[in-house]
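Trainee: Dumping the structure here so I can ask a few things about it.
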There are 2 protein chains.
Amino acid sequence: MYVLVIGCGRTGSSIASLLSKQGEDVVVVDRNKSSFRKLSAKFTGFTVLGDATEIEVLEESKLDKTDLVVVTTDDDNVNAMVAQIASEIYEVEKVVVRIIDPEKKVIYKDLDVMTMSPTSLLVDNLIGQIGNWSKE
Amino acid sequence: MYVLVIGCGRTGSSIASLLSKQGEDVVVVDRNKSSFRKLSAKFTGFTVLGDATEIEVLEESKLDKTDLVVVTTDDDNVNAMVAQIASEIYEVEKVVVRIIDPEKKVIYKDLDVMTMSPTSLLVDNLIGQIGNWSKE
């Protein structure tokens, strides 16, 4: 599988490193060169330095050949824009976006992309755990 | 159950609002008054304005009577300090801490606290989802 990861922060670098380890072909895009240091030493994919809202950067990252795009920058608006370009213009089959502010989820209601909110995941997890405790 | 939530950002305010809705007695601490606006309109608990690393603030929040402390500030070092005070000095039975940087998990290895990392949750979730896709 050809995977494009947008944003090489903690989340993006972890995902890119894990998928590379699993044998996927991974390309990571970030506009700060130093971010690529977070990738695992065993990362065998490519890194592209640039702003993912620029079409040339996405072209260089071979967005048109991508099976899965994972969008993880710290900016919900950038993420929404990249996800929309990937899904609607390049017709990438699988697009996953991290949502920082859970209220931003509405942006994606008409787009064929999967959203994941770390805040919601944490809250759900904790509420589930509290439910288990109260059964003890 | 008497629950103390430290930090009223997105995570803290969501947890406090949900637990209050579930009928728990909730106290939320934050050092910025404006953070309390994130609480649900139906929140029926108490808010304490102050720095949770100060003992007086923790005393005012009745840490000694707390069944569960959920520590969610944006600072891993503050979180570690508050979790340690709650667990070791006040002997609170259940302490849950959000970890921003997954590498900080080591701080907690000798403490009887539960850690939750939104980054790790998101990465695990996504990797699981990709596993499901590849079975399709």
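As shown in the structure tokens, the chain order sets the letters A, B, ...; within each chain, residues go from 1, and ligands are also counted from 1 in the order they appear.
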If we count only C-alpha atoms and set the cut-off at 8 Å, which residues sit around region 84-94 of chain A, ignoring sequence neighbours fewer than 5 positions away in its own chain? Please answer as a ChimeraX atom specification.

Mentor: /A:63-64,66-69,111-114

Trainee: Take the residues from that selection and put them in a file with N, CA, C and O atoms, as a JSON list (two decimals), in the first residue's frame.

Mentor:
```json
[["chain", "number", "residue", "atom", "x", "y", "z"],
["A", 63, "LEU", "N", 0.51, 12.22, -4.69],
["A", 63, "LEU", "CA", -0.85, 12.07, -4.15],
["A", 63, "LEU", "C", -1.74, 11.28, -5.10],
["A", 63, "LEU", "O", -2.62, 10.52, -4.67],
["A", 64, "ASP", "N", -1.50, 11.43, -6.41],
["A", 64, "ASP", "CA", -2.35, 10.74, -7.40],
["A", 64, "ASP", "C", -2.19, 9.22, -7.37],
["A", 64, "ASP", "O", -3.05, 8.50, -7.85],
["A", 66, "THR", "N", -1.67, 7.53, -4.47],
["A", 66, "THR", "CA", -1.77, 7.15, -3.07],
["A", 66, "THR", "C", -3.03, 6.33, -2.77],
["A", 66, "THR", "O", -4.11, 6.65, -3.26],
["A", 67, "ASP", "N", -2.88, 5.27, -1.98],
["A", 67, "ASP", "CA", -4.04, 4.47, -1.55],
["A", 67, "ASP", "C", -4.67, 5.05, -0.29],
["A", 67, "ASP", "O", -5.86, 4.94, -0.07],
["A", 68, "LEU", "N", -3.83, 5.61, 0.56],
["A", 68, "LEU", "CA", -4.30, 6.11, 1.85],
["A", 68, "LEU", "C", -3.56, 7.40, 2.20],
["A", 68, "LEU", "O", -2.33, 7.44, 2.13],
["A", 69, "VAL", "N", -4.32, 8.42, 2.55],
["A", 69, "VAL", "CA", -3.72, 9.66, 3.04],
["A", 69, "VAL", "C", -4.11, 9.83, 4.51],
["A", 69, "VAL", "O", -5.29, 9.71, 4.85],
["A", 111, "LEU", "N", -18.00, 15.07, 3.16],
["A", 111, "LEU", "CA", -16.81, 14.53, 2.50],
["A", 111, "LEU", "C", -16.65, 13.05, 2.85],
["A", 111, "LEU", "O", -16.99, 12.62, 3.96],
["A", 112, "ASP", "N", -16.12, 12.31, 1.88],
["A", 112, "ASP", "CA", -15.93, 10.88, 2.10],
["A", 112, "ASP", "C", -14.57, 10.63, 2.77],
["A", 112, "ASP", "O", -13.69, 10.00, 2.20],
["A", 113, "VAL", "N", -14.43, 11.18, 3.99],
["A", 113, "VAL", "CA", -13.18, 10.98, 4.72],
["A", 113, "VAL", "C", -13.51, 10.48, 6.12],
["A", 113, "VAL", "O", -14.59, 10.73, 6.65],
["A", 114, "MET", "N", -12.57, 9.74, 6.70],
["A", 114, "MET", "CA", -12.76, 9.25, 8.06],
["A", 114, "MET", "C", -12.08, 10.23, 9.02],
["A", 114, "MET", "O", -10.96, 10.66, 8.76]]
```

Trainee: Quick one: residues within 6 Å of region 21-33 of chain A, only C-alpha atoms, excluding same-chain residues fewer than 4 positions away - as a list in words?

Mentor: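 In the requested form, the answer reads Met1, Tyr2, Val3, Leu4, Val5, Ile6, Gly7, Cys8, Gly45, Phe46, Thr47, Val48, Leu49, Gly50 and Asp51 of chain A.
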
Trainee: Keeping all heavy atoms for every residue in the selection just given, could you write it to a file as an mmCIF file, in the first residue's frame?

Mentor:
```
data_model
loop_
_atom_site.group_PDB
_atom_site.id
_atom_site.type_symbol
_atom_site.label_atom_id
_atom_site.label_comp_id
_atom_site.auth_asym_id
_atom_site.auth_seq_id
_atom_site.Cartn_x
_atom_site.Cartn_y
_atom_site.Cartn_z
ATOM 1 N N MET A 1 0.844 -1.198 0.000
ATOM 2 C CA MET A 1 0.000 0.000 0.000
ATOM 3 C C MET A 1 0.880 1.249 0.000
ATOM 4 O O MET A 1 1.909 1.303 0.660
ATOM 5 C CB MET A 1 -0.892 -0.018 1.253
ATOM 6 C CG MET A 1 -2.018 0.991 1.200
ATOM 7 S SD MET A 1 -3.351 0.652 2.415
ATOM 8 C CE MET A 1 -2.460 0.719 3.973
ATOM 9 N N TYR A 2 0.434 2.230 -0.772
ATOM 10 C CA TYR A 2 1.167 3.487 -0.845
ATOM 11 C C TYR A 2 0.458 4.487 0.082
ATOM 12 O O TYR A 2 -0.707 4.811 -0.125
ATOM 13 C CB TYR A 2 1.172 3.978 -2.288
ATOM 14 C CG TYR A 2 2.042 5.180 -2.517
ATOM 15 C CD1 TYR A 2 3.369 5.038 -2.907
ATOM 16 C CD2 TYR A 2 1.535 6.461 -2.321
ATOM 17 C CE1 TYR A 2 4.172 6.157 -3.098
ATOM 18 C CE2 TYR A 2 2.333 7.578 -2.507
ATOM 19 C CZ TYR A 2 3.648 7.419 -2.894
ATOM 20 O OH TYR A 2 4.433 8.521 -3.073
ATOM 21 N N VAL A 3 1.170 4.936 1.123
ATOM 22 C CA VAL A 3 0.563 5.788 2.149
ATOM 23 C C VAL A 3 1.262 7.143 2.195
ATOM 24 O O VAL A 3 2.495 7.217 2.212
ATOM 25 C CB VAL A 3 0.683 5.142 3.553
ATOM 26 C CG1 VAL A 3 -0.075 5.989 4.585
ATOM 27 C CG2 VAL A 3 0.189 3.718 3.556
ATOM 28 N N LEU A 4 0.451 8.194 2.224
ATOM 29 C CA LEU A 4 0.982 9.538 2.355
ATOM 30 C C LEU A 4 0.561 10.092 3.712
ATOM 31 O O LEU A 4 -0.631 10.115 4.033
ATOM 32 C CB LEU A 4 0.431 10.404 1.216
ATOM 33 C CG LEU A 4 0.862 11.867 1.152
ATOM 34 C CD1 LEU A 4 2.377 11.995 1.115
ATOM 35 C CD2 LEU A 4 0.251 12.528 -0.085
ATOM 36 N N VAL A 5 1.540 10.492 4.509
ATOM 37 C CA VAL A 5 1.248 11.052 5.832
ATOM 38 C C VAL A 5 1.567 12.542 5.796
ATOM 39 O O VAL A 5 2.690 12.935 5.463
ATOM 40 C CB VAL A 5 2.081 10.351 6.935
ATOM 41 C CG1 VAL A 5 1.789 10.974 8.300
ATOM 42 C CG2 VAL A 5 1.789 8.854 6.963
ATOM 43 N N ILE A 6 0.568 13.367 6.104
ATOM 44 C CA ILE A 6 0.754 14.819 6.076
ATOM 45 C C ILE A 6 0.958 15.305 7.506
ATOM 46 O O ILE A 6 0.066 15.147 8.353
ATOM 47 C CB ILE A 6 -0.486 15.527 5.472
ATOM 48 C CG1 ILE A 6 -0.889 14.919 4.133
ATOM 49 C CG2 ILE A 6 -0.246 17.035 5.378
ATOM 50 C CD1 ILE A 6 0.058 15.180 2.993
ATOM 51 N N GLY A 7 2.116 15.883 7.766
ATOM 52 C CA GLY A 7 2.419 16.343 9.127
ATOM 53 C C GLY A 7 3.249 15.304 9.851
ATOM 54 O O GLY A 7 2.834 14.158 9.987
ATOM 55 N N CYS A 8 4.432 15.721 10.301
ATOM 56 C CA CYS A 8 5.341 14.761 10.957
ATOM 57 C C CYS A 8 5.555 15.142 12.417
ATOM 58 O O CYS A 8 6.668 15.161 12.909
ATOM 59 C CB CYS A 8 6.657 14.693 10.180
ATOM 60 S SG CYS A 8 7.644 13.250 10.602
ATOM 61 N N GLY A 45 10.809 5.013 4.284
ATOM 62 C CA GLY A 45 10.052 5.760 3.287
ATOM 63 C C GLY A 45 10.748 7.025 2.834
ATOM 64 O O GLY A 45 11.943 7.225 3.071
ATOM 65 N N PHE A 46 9.972 7.886 2.171
ATOM 66 C CA PHE A 46 10.503 9.163 1.695
ATOM 67 C C PHE A 46 9.964 10.311 2.537
ATOM 68 O O PHE A 46 8.876 10.211 3.103
ATOM 69 C CB PHE A 46 10.077 9.398 0.238
ATOM 70 C CG PHE A 46 10.764 8.484 -0.730
ATOM 71 C CD1 PHE A 46 10.185 7.286 -1.105
ATOM 72 C CD2 PHE A 46 12.017 8.836 -1.254
ATOM 73 C CE1 PHE A 46 10.825 6.430 -1.981
ATOM 74 C CE2 PHE A 46 12.660 7.985 -2.141
ATOM 75 C CZ PHE A 46 12.063 6.785 -2.511
ATOM 76 N N THR A 47 10.745 11.394 2.578
ATOM 77 C CA THR A 47 10.257 12.609 3.221
ATOM 78 C C THR A 47 10.208 13.715 2.169
ATOM 79 O O THR A 47 11.094 13.802 1.314
ATOM 80 C CB THR A 47 11.181 13.052 4.378
ATOM 81 O OG1 THR A 47 12.500 13.252 3.867
ATOM 82 C CG2 THR A 47 11.234 12.013 5.485
ATOM 83 N N VAL A 48 9.161 14.518 2.225
ATOM 84 C CA VAL A 48 9.025 15.657 1.316
ATOM 85 C C VAL A 48 8.893 16.915 2.168
ATOM 86 O O VAL A 48 8.005 16.997 3.029
ATOM 87 C CB VAL A 48 7.789 15.503 0.395
ATOM 88 C CG1 VAL A 48 7.556 16.783 -0.411
ATOM 89 C CG2 VAL A 48 7.961 14.308 -0.535
ATOM 90 N N LEU A 49 9.799 17.867 1.949
ATOM 91 C CA LEU A 49 9.788 19.112 2.708
ATOM 92 C C LEU A 49 8.934 20.133 1.976
ATOM 93 O O LEU A 49 9.211 20.469 0.818
ATOM 94 C CB LEU A 49 11.233 19.623 2.851
ATOM 95 C CG LEU A 49 11.459 20.858 3.709
ATOM 96 C CD1 LEU A 49 11.111 20.590 5.161
ATOM 97 C CD2 LEU A 49 12.925 21.312 3.605
ATOM 98 N N GLY A 50 7.878 20.630 2.624
ATOM 99 C CA GLY A 50 7.040 21.624 1.962
ATOM 100 C C GLY A 50 5.690 21.767 2.629
ATOM 101 O O GLY A 50 5.340 21.017 3.551
ATOM 102 N N ASP A 51 4.939 22.733 2.131
ATOM 103 C CA ASP A 51 3.613 23.043 2.660
ATOM 104 C C ASP A 51 2.569 22.210 1.916
ATOM 105 O O ASP A 51 2.415 22.332 0.696
ATOM 106 C CB ASP A 51 3.362 24.546 2.423
ATOM 107 C CG ASP A 51 2.059 25.014 3.035
ATOM 108 O OD1 ASP A 51 1.107 24.209 3.135
ATOM 109 O OD2 ASP A 51 1.997 26.197 3.417
#
```

Trainee: For chain A versus chain B, which residues have an atom no more than 12 Å away, and what is each residue's nearest atom pair and distance in Å rounded to one decimal, using only C-alpha atoms, chain-then-number order, as a Markdown table?

Mentor:
```
| residue | atom | partner | partner_atom | distance |
| --- | --- | --- | --- | --- |
| A:Met1 | CA | B:Ser134 | CA | 9.2 |
| A:Val3 | CA | B:Ile130 | CA | 10.7 |
| A:Gly9 | CA | B:Thr119 | CA | 10.1 |
| A:Arg10 | CA | B:Thr119 | CA | 7.1 |
| A:Thr11 | CA | B:Thr119 | CA | 5.7 |
| A:Gly12 | CA | B:Val123 | CA | 8.6 |
| A:Ser13 | CA | B:Val123 | CA | 9.9 |
| A:Ser14 | CA | B:Val123 | CA | 7.0 |
| A:Ile15 | CA | B:Val123 | CA | 6.0 |
| A:Ala16 | CA | B:Val123 | CA | 9.9 |
| A:Ser17 | CA | B:Val123 | CA | 10.7 |
| A:Leu18 | CA | B:Ile127 | CA | 8.2 |
| A:Leu19 | CA | B:Ile127 | CA | 7.9 |
| A:Ser20 | CA | B:Ile127 | CA | 11.7 |
| A:Lys21 | CA | B:Ile127 | CA | 11.8 |
| A:Gln22 | CA | B:Ile127 | CA | 10.1 |
| A:Glu24 | CA | B:Ile130 | CA | 11.0 |
| A:Lys38 | CA | B:Glu103 | CA | 11.8 |
| A:Asp67 | CA | B:Ile130 | CA | 11.1 |
| A:Leu68 | CA | B:Ile130 | CA | 9.2 |
| A:Val69 | CA | B:Ile130 | CA | 11.3 |
| A:Val70 | CA | B:Leu126 | CA | 9.1 |
| A:Val71 | CA | B:Leu126 | CA | 11.5 |
| A:Thr72 | CA | B:Leu122 | CA | 10.5 |
| A:Glu93 | CA | B:Trp133 | CA | 11.3 |
| A:Lys94 | CA | B:Trp133 | CA | 9.5 |
| A:Val95 | CA | B:Ile130 | CA | 11.1 |
| A:Val96 | CA | B:Leu126 | CA | 8.4 |
| A:Val97 | CA | B:Leu126 | CA | 10.1 |
| A:Arg98 | CA | B:Leu122 | CA | 8.4 |
| A:Ile99 | CA | B:Leu122 | CA | 10.5 |
| A:Ile100 | CA | B:Arg10 | CA | 9.5 |
| A:Asp101 | CA | B:Arg10 | CA | 7.8 |
| A:Pro102 | CA | B:Arg10 | CA | 8.5 |
| A:Glu103 | CA | B:Arg10 | CA | 10.2 |
| A:Met114 | CA | B:Leu126 | CA | 10.0 |
| A:Thr115 | CA | B:Leu126 | CA | 10.0 |
| A:Met116 | CA | B:Leu122 | CA | 7.1 |
| A:Ser117 | CA | B:Leu122 | CA | 7.5 |
| A:Pro118 | CA | B:Pro118 | CA | 4.9 |
| A:Thr119 | CA | B:Thr11 | CA | 5.8 |
| A:Ser120 | CA | B:Thr11 | CA | 7.9 |
| A:Leu121 | CA | B:Leu121 | CA | 6.8 |
| A:Leu122 | CA | B:Pro118 | CA | 5.6 |
| A:Val123 | CA | B:Ile15 | CA | 6.1 |
| A:Asp124 | CA | B:Ile15 | CA | 8.8 |
| A:Asn125 | CA | B:Met116 | CA | 8.5 |
| A:Leu126 | CA | B:Ile15 | CA | 8.1 |
| A:Ile127 | CA | B:Ile15 | CA | 7.6 |
| A:Gly128 | CA | B:Leu19 | CA | 11.3 |
| A:Gln129 | CA | B:Val96 | CA | 10.0 |
| A:Ile130 | CA | B:Leu68 | CA | 9.1 |
| A:Gly131 | CA | B:Gln22 | CA | 10.5 |
| A:Trp133 | CA | B:Lys94 | CA | 9.5 |
| A:Ser134 | CA | B:Met1 | CA | 9.1 |
```

Trainee: Can you pull out every residue from region 46-118 of chain B that DSSP, working from the backbone, puts in helix (DSSP H, G or I), and format the result as a ChimeraX atom specification?

Mentor: /B:55-60,63-65,76-89,102-108,118

Trainee: Just C-alpha atoms for this one: save the residues we selected as a PDB file, in the first residue's frame.

Mentor:
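Once everything was written out, this is again.pdb:
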```pdb
ATOM      1  CA  ILE B  55      -1.516  22.774  47.965  1.00  0.00           C
ATOM      2  CA  GLU B  56      -4.117  25.368  49.054  1.00  0.00           C
ATOM      3  CA  VAL B  57      -5.861  25.001  45.708  1.00  0.00           C
ATOM      4  CA  LEU B  58      -5.901  21.234  46.055  1.00  0.00           C
ATOM      5  CA  GLU B  59      -7.193  21.544  49.636  1.00  0.00           C
ATOM      6  CA  GLU B  60      -9.949  23.905  48.499  1.00  0.00           C
ATOM      7  CA  LEU B  63      -8.585  16.421  47.194  1.00  0.00           C
ATOM      8  CA  ASP B  64      -8.636  14.492  50.490  1.00  0.00           C
ATOM      9  CA  LYS B  65     -12.260  13.429  49.903  1.00  0.00           C
ATOM     10  CA  ASP B  76       3.201  16.907  31.341  1.00  0.00           C
ATOM     11  CA  ASN B  77       5.340  18.135  34.230  1.00  0.00           C
ATOM     12  CA  VAL B  78       2.424  19.790  36.037  1.00  0.00           C
ATOM     13  CA  ASN B  79       0.365  16.655  35.456  1.00  0.00           C
ATOM     14  CA  ALA B  80       3.073  14.422  36.895  1.00  0.00           C
ATOM     15  CA  MET B  81       3.396  16.610  39.992  1.00  0.00           C
ATOM     16  CA  VAL B  82      -0.350  16.754  40.663  1.00  0.00           C
ATOM     17  CA  ALA B  83      -0.749  13.009  40.046  1.00  0.00           C
ATOM     18  CA  GLN B  84       2.042  12.250  42.480  1.00  0.00           C
ATOM     19  CA  ILE B  85       0.581  14.510  45.185  1.00  0.00           C
ATOM     20  CA  ALA B  86      -2.870  12.948  44.716  1.00  0.00           C
ATOM     21  CA  SER B  87      -1.636   9.379  44.718  1.00  0.00           C
ATOM     22  CA  GLU B  88       1.141   9.466  47.321  1.00  0.00           C
ATOM     23  CA  ILE B  89       0.250  12.260  49.749  1.00  0.00           C
ATOM     24  CA  PRO B 102       4.081   9.455  25.012  1.00  0.00           C
ATOM     25  CA  GLU B 103       7.748   9.308  26.015  1.00  0.00           C
ATOM     26  CA  LYS B 104       6.847  10.874  29.356  1.00  0.00           C
ATOM     27  CA  LYS B 105       5.085   7.664  30.350  1.00  0.00           C
ATOM     28  CA  VAL B 106       8.251   6.523  32.145  1.00  0.00           C
ATOM     29  CA  ILE B 107       7.682   9.182  34.828  1.00  0.00           C
ATOM     30  CA  TYR B 108       4.740   7.130  36.057  1.00  0.00           C
ATOM     31  CA  PRO B 118      -4.360  10.602  23.142  1.00  0.00           C
TER      32      PRO B 118
END
```

Trainee: Pull the strand (DSSP E) assignments for chain A out of DSSP run on the backbone, and list those residues as number ranges by chain.

Mentor: A: 2-6, 25-30, 46-49, 68-71, 94-98, 114-116

Trainee: In Å to one decimal, how far is CA of Thr73 (chain B) from CA of Asp74 (chain A)?

Mentor: 17.9 Å

Trainee: Give me, please, the distance in Å between CA of Leu39 (chain A) and CA of Thr53 (chain A), quoted to one decimal.

Mentor: 21.8 Å
